[in-house]
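What follows is one structure encoded as structure tokens, with my remarks underneath.
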Amino acid sequence: MPLDMLKDFHIPGTPPGTLTPAGGEKGPVRIFLTRYAPARLETREIPDVESLGGLVEGEGFCWVQVIGLGDVSAIGRIGEIFGLHPLALEDVVHLGQRPKVEDYENVVFATCQILEVEDGSVGKLQLAMFLGPGFVVTFQEAGEDRLAPIRSRLEVPQGRLRNRGPGYLAYAILDRVVDSAFPALEALGERLEDLDDRILENPDRDAMERLQDVRRDLLRLRQVLWPQREVLARLSRDEHGLLGDDTRIYLRDCHDHAVQALEVSENYREMASGLLDIYLSSVSNRLGDVMRVLTIISTVFIPLGFLAGVYGMNFRAEGGWNMPELGWKYGYLAFWAFCAAAASGMLLYFRRKGWL
């Protein structure tokens with residue numbers, strides 16, 4: 001089982017809610033605070049988590065974005081400021097989580113996976129989100145800000161994102177996550193098309209290895225898309241005060257996109273399985289062709305070997321019971337003529353039978 005299929009885990013016996021740095025994460029976290037309302041927008045990077053507590057209170061809505069999961073003390077402090085459940089924070093710092101949604105009293109917690117294409121392969125990046133009364137808090141792994149397009153949309157004063165509450169912001173973030181699947185699917189589709197032509201023309205070992213890489217990427221995709229569809233189905237169906245009816249309409253549309261991405265992924269899985277069958281059939285047919293040629297060669301040489309064995313016994317030409325051909329002037333030429341006629345006759349017969 002590939003390692004990226006597993007999630008980080010505690011040593012057995014560790015108390016629940018214990019925060020440990022995410023695998024491979026170290027160093028301080030980056031914290032961005034965005035406070036917005038229809039008439040105002042303010043975005044700043046918070047240098048110290050302690051100063052965040054005095055900034056989250058105020059008019060409008062609040063979005064806190066945390067990039068990096070190496071500083072568990074800062075993550076725990078953010079959880080205290082917003083009243084986030086310790087079990088949810090534990091899921092935040094454990095990478096490889098299965099996409100899910102949990103309701104902790106007045107806070108909705110969701111984890112999902114952003115799909116990315118790098119060097120032709122599909123990777124995933126975990127995103128955790130808390131939706132509460134008047135705020136949204138997101139956590140992602142260290143690196144590039146994957147939610148920068150959402151912040152750019154907030155800069156438009158007349159946009160729906162700017163004029164609606166945190167529930168619509170949560171929808172926009174989930175929509176960004178779902179839409180990340182389509183570039184990954186497009187890249188996998190192009191790889192499958194190339195492999196389709198290559199396997200039909202020349203099914204070699206390299207093509208098989210590339211096909212196995214695609215199958216692993218599709219398996220990784222399936223592990224993400226199936227539970228993410230369930231997350232969106234639950235959010236669009238369950239009634240919650242943080243998600244109004246007008247927002248659930250958009251969530252249902254997002255759920256439709258997730259279902260579409262999953263269907264495309266399943267179709268690609270069927271194509272990959274079909275290509276594997278074609279490859280195995282081509283290898284089997286090629287082996288059959290080789291065995292047929294070798295069998296024909298062996299069959300042709302069986303009578304020739306028999307004749308060569310008979311006339312290679314070196315009996316004397318004298319006597320009553322002997323081999324008169326050994327003393328014949330044209331015996332050697334007659335032997336080769338007969339061998340050539342026998343081989344030609346068998347080849348002609350094999351061709352008429354369709355074996356050649």
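Identifiers in this document derive from the order of the structure tokens: chains are assigned A, B, ..., residues are numbered from 1 separately in each chain, and ligands are numbered from 1 in order of occurrence.
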Self-check item: Which of stretch 80-315 of chain A fall in strand (DSSP E or B), as a ChimeraX atom specification
Solution: /A:100-104,107-118,121-132,135-140,240,243
Kindly assemble as a Markdown table a list of the stretch 271-303 of chain A residues that lie within 10 Å of stretch 215-230 of chain A, each paired with its nearest atom pair and their distance in Å to one decimal, using only C-alpha atoms, sorted first by chain and then by ascending residue number.
| residue | atom | partner | partner_atom | distance |
| --- | --- | --- | --- | --- |
| A:Met271 | CA | A:Arg215 | CA | 9.8 |
| A:Ala272 | CA | A:Arg215 | CA | 6.5 |
| A:Ser273 | CA | A:Arg215 | CA | 8.3 |
| A:Leu276 | CA | A:Arg215 | CA | 9.7 |
Quiz item: Between A:Leu161, A:Ile46, A:Ile78, A:Leu69, which one has atoms that come closest to A:Phe139, using only C-alpha atoms?
Solution: A:Leu69
Self-check item: Every residue of stretch 138-342 of chain A that DSSP places in helix (DSSP H, G or I), as a VMD selection string
Solution: chain A and resid 148 to 154 160 to 163 166 to 179 181 to 201 205 to 237 245 to 311 324 to 327 331 to 342
Self-check item: Neighbour list for A:Gln126 as a VMD selection string, cut-off 10 Å, only C-alpha atoms, skip fewer than 3 positions in-chain
Solution: chain A and resid 92 to 99 111 to 115 139 to 141 177
With N, CA and C atoms retained, could you export that selection as an mmCIF file, in the first residue's frame?
data_model
loop_
_atom_site.group_PDB
_atom_site.id
_atom_site.type_symbol
_atom_site.label_atom_id
_atom_site.label_comp_id
_atom_site.auth_asym_id
_atom_site.auth_seq_id
_atom_site.Cartn_x
_atom_site.Cartn_y
_atom_site.Cartn_z
ATOM 1 N N VAL A 92 -6.900 18.146 12.180
ATOM 2 C CA VAL A 92 -6.251 19.175 11.358
ATOM 3 C C VAL A 92 -4.789 18.837 11.138
ATOM 4 N N VAL A 93 -4.089 18.425 12.196
ATOM 5 C CA VAL A 93 -2.638 18.194 12.101
ATOM 6 C C VAL A 93 -2.304 16.783 11.647
ATOM 7 N N HIS A 94 -3.303 15.941 11.415
ATOM 8 C CA HIS A 94 -3.062 14.599 10.884
ATOM 9 C C HIS A 94 -3.358 14.599 9.388
ATOM 10 N N LEU A 95 -2.313 14.551 8.583
ATOM 11 C CA LEU A 95 -2.473 14.591 7.135
ATOM 12 C C LEU A 95 -3.004 13.248 6.632
ATOM 13 N N GLY A 96 -3.590 13.288 5.440
ATOM 14 C CA GLY A 96 -4.146 12.078 4.849
ATOM 15 C C GLY A 96 -5.516 11.723 5.369
ATOM 16 N N GLN A 97 -6.210 12.689 5.976
ATOM 17 C CA GLN A 97 -7.543 12.413 6.492
ATOM 18 C C GLN A 97 -8.525 12.122 5.357
ATOM 19 N N ARG A 98 -9.431 11.219 5.630
ATOM 20 C CA ARG A 98 -10.543 10.993 4.707
ATOM 21 C C ARG A 98 -11.475 12.193 4.771
ATOM 22 N N PRO A 99 -11.864 12.756 3.634
ATOM 23 C CA PRO A 99 -12.792 13.893 3.668
ATOM 24 C C PRO A 99 -14.046 13.562 4.471
ATOM 25 N N THR A 111 -13.073 18.392 6.595
ATOM 26 C CA THR A 111 -11.766 18.179 5.987
ATOM 27 C C THR A 111 -11.968 17.722 4.555
ATOM 28 N N CYS A 112 -11.107 18.152 3.673
ATOM 29 C CA CYS A 112 -11.186 17.779 2.262
ATOM 30 C C CYS A 112 -9.781 17.782 1.680
ATOM 31 N N GLN A 113 -9.679 17.359 0.444
ATOM 32 C CA GLN A 113 -8.384 17.233 -0.228
ATOM 33 C C GLN A 113 -8.408 18.012 -1.536
ATOM 34 N N ILE A 114 -7.439 18.921 -1.690
ATOM 35 C CA ILE A 114 -7.266 19.638 -2.951
ATOM 36 C C ILE A 114 -6.367 18.802 -3.857
ATOM 37 N N LEU A 115 -6.826 18.512 -5.049
ATOM 38 C CA LEU A 115 -6.064 17.706 -6.004
ATOM 39 C C LEU A 115 -5.205 18.619 -6.878
ATOM 40 N N PHE A 139 -7.235 25.691 7.607
ATOM 41 C CA PHE A 139 -5.869 25.221 7.834
ATOM 42 C C PHE A 139 -5.433 24.438 6.602
ATOM 43 N N GLN A 140 -4.222 24.701 6.147
ATOM 44 C CA GLN A 140 -3.653 23.938 5.042
ATOM 45 C C GLN A 140 -2.185 23.687 5.316
ATOM 46 N N GLU A 141 -1.621 22.768 4.558
ATOM 47 C CA GLU A 141 -0.202 22.465 4.687
ATOM 48 C C GLU A 141 0.639 23.647 4.232
ATOM 49 N N VAL A 177 -12.257 23.493 -3.896
ATOM 50 C CA VAL A 177 -11.727 22.143 -3.699
ATOM 51 C C VAL A 177 -12.267 21.193 -4.764
#
Quiz prompt | Residue neighbourhood A:Phe32, 8 Å, only C-alpha atoms, exclusion window fewer than 5 positions, as a list in words | solution =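 Close residues of A:Phe32: Thr43, Arg44, Glu45, Ile46, Val64, Gln65 and Val66 of chain A.
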Quiz item: If you count only C-alpha atoms, which residues fall within 8 Å of A:Arg77, apart from same-chain ones fewer than 3 positions away, as a list in words?
Solution: Val49, Glu50, Ser73, Ala74, Glu80 and Ile81 of chain A
Practice problem: Fewer than 2 positions away in the same chain doesn't count, so skip those; otherwise give me all residues within 10 Å of A:Asp196, counting only C-alpha atoms, as a ChimeraX atom specification. | Solution: /A:190-194,198-201,203,207,211,271-272,274-276,278-279
Output C-alpha atoms for every residue in the selection just made, as a PDB file, in the first residue's frame.
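What landed in result-v2.pdb:
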ATOM      1  CA  GLU A 190      -4.591  12.783 -21.835  1.00  0.00           C
ATOM      2  CA  ARG A 191      -2.274  10.159 -20.380  1.00  0.00           C
ATOM      3  CA  LEU A 192      -4.849   7.450 -21.029  1.00  0.00           C
ATOM      4  CA  GLU A 193      -5.278   8.558 -24.650  1.00  0.00           C
ATOM      5  CA  ASP A 194      -1.510   8.396 -25.235  1.00  0.00           C
ATOM      6  CA  ARG A 198       0.848   3.160 -27.644  1.00  0.00           C
ATOM      7  CA  ILE A 199      -0.527  -0.122 -26.311  1.00  0.00           C
ATOM      8  CA  LEU A 200      -2.361  -0.817 -29.556  1.00  0.00           C
ATOM      9  CA  GLU A 201       0.770  -0.154 -31.620  1.00  0.00           C
ATOM     10  CA  PRO A 203       2.620  -2.936 -26.027  1.00  0.00           C
ATOM     11  CA  ALA A 207       3.756   1.284 -21.494  1.00  0.00           C
ATOM     12  CA  LEU A 211      -0.434   2.395 -17.167  1.00  0.00           C
ATOM     13  CA  MET A 271     -10.685   2.620 -19.484  1.00  0.00           C
ATOM     14  CA  ALA A 272      -7.508   1.796 -17.564  1.00  0.00           C
ATOM     15  CA  GLY A 274      -9.672  -2.121 -20.494  1.00  0.00           C
ATOM     16  CA  LEU A 275      -6.184  -1.013 -21.514  1.00  0.00           C
ATOM     17  CA  LEU A 276      -4.696  -3.512 -19.087  1.00  0.00           C
ATOM     18  CA  ILE A 278      -5.672  -5.129 -24.146  1.00  0.00           C
ATOM     19  CA  TYR A 279      -2.034  -5.157 -23.041  1.00  0.00           C
TER      20      TYR A 279
END
Please produce, as a Markdown table, a per-residue contact table for stretch 250-345 of chain A versus stretch 168-175 of chain A (criterion: any atom at most 9 Å away, only C-alpha atoms considered), showing the nearest atom pair and its distance in Å to one decimal, sorted by chain then residue number.
| residue | atom | partner | partner_atom | distance |
| --- | --- | --- | --- | --- |
| A:Tyr250 | CA | A:Tyr171 | CA | 7.3 |
| A:Leu251 | CA | A:Tyr171 | CA | 6.3 |
| A:Cys254 | CA | A:Asp175 | CA | 5.9 |
| A:His255 | CA | A:Asp175 | CA | 8.9 |
| A:His257 | CA | A:Asp175 | CA | 8.7 |
Just write the chosen residues, N, CA and C atoms, as a PDB file, in the first residue's frame.
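The file below, again.pdb, is the result:
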ATOM      1  N   TYR A 250     -26.443  26.593  -3.645  1.00  0.00           N
ATOM      2  CA  TYR A 250     -25.121  26.560  -4.270  1.00  0.00           C
ATOM      3  C   TYR A 250     -24.376  25.284  -3.878  1.00  0.00           C
ATOM      4  N   LEU A 251     -24.582  24.821  -2.653  1.00  0.00           N
ATOM      5  CA  LEU A 251     -23.939  23.582  -2.244  1.00  0.00           C
ATOM      6  C   LEU A 251     -24.459  22.395  -3.050  1.00  0.00           C
ATOM      7  N   CYS A 254     -22.626  22.466  -6.200  1.00  0.00           N
ATOM      8  CA  CYS A 254     -21.275  21.963  -5.959  1.00  0.00           C
ATOM      9  C   CYS A 254     -21.277  20.441  -5.827  1.00  0.00           C
ATOM     10  N   HIS A 255     -22.322  19.910  -5.213  1.00  0.00           N
ATOM     11  CA  HIS A 255     -22.452  18.458  -5.100  1.00  0.00           C
ATOM     12  C   HIS A 255     -22.596  17.817  -6.474  1.00  0.00           C
ATOM     13  N   HIS A 257     -21.283  18.909  -9.209  1.00  0.00           N
ATOM     14  CA  HIS A 257     -19.934  18.904  -9.801  1.00  0.00           C
ATOM     15  C   HIS A 257     -19.100  17.762  -9.228  1.00  0.00           C
TER      16      HIS A 257
END
Quiz item: Please, what distance in Å, to one decimal, runs between atom CA of A:Leu304 and atom CA of A:Cys339?
Solution: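 Atom CA of A:Leu304 sits 6.0 Å away from atom CA of A:Cys339.
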Exercise. Go ahead and compute the interatomic distance for atom CA of A:Leu356 and atom CA of A:Leu307, in Å to one decimal.
Key: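 Calculated distance between atom CA of A:Leu356 and atom CA of A:Leu307 is 24.6 Å.
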Quiz prompt | For atom CA of A:Asp277 and atom CA of A:Glu118, the interatomic separation in Å (one decimal) | solution = 27.8 Å
Quiz item: Counting only C-alpha atoms, which of A:Gly68, A:Pro38, A:Gly241, A:Gly53 gets nearest to A:Val107?
Solution: A:Gly241
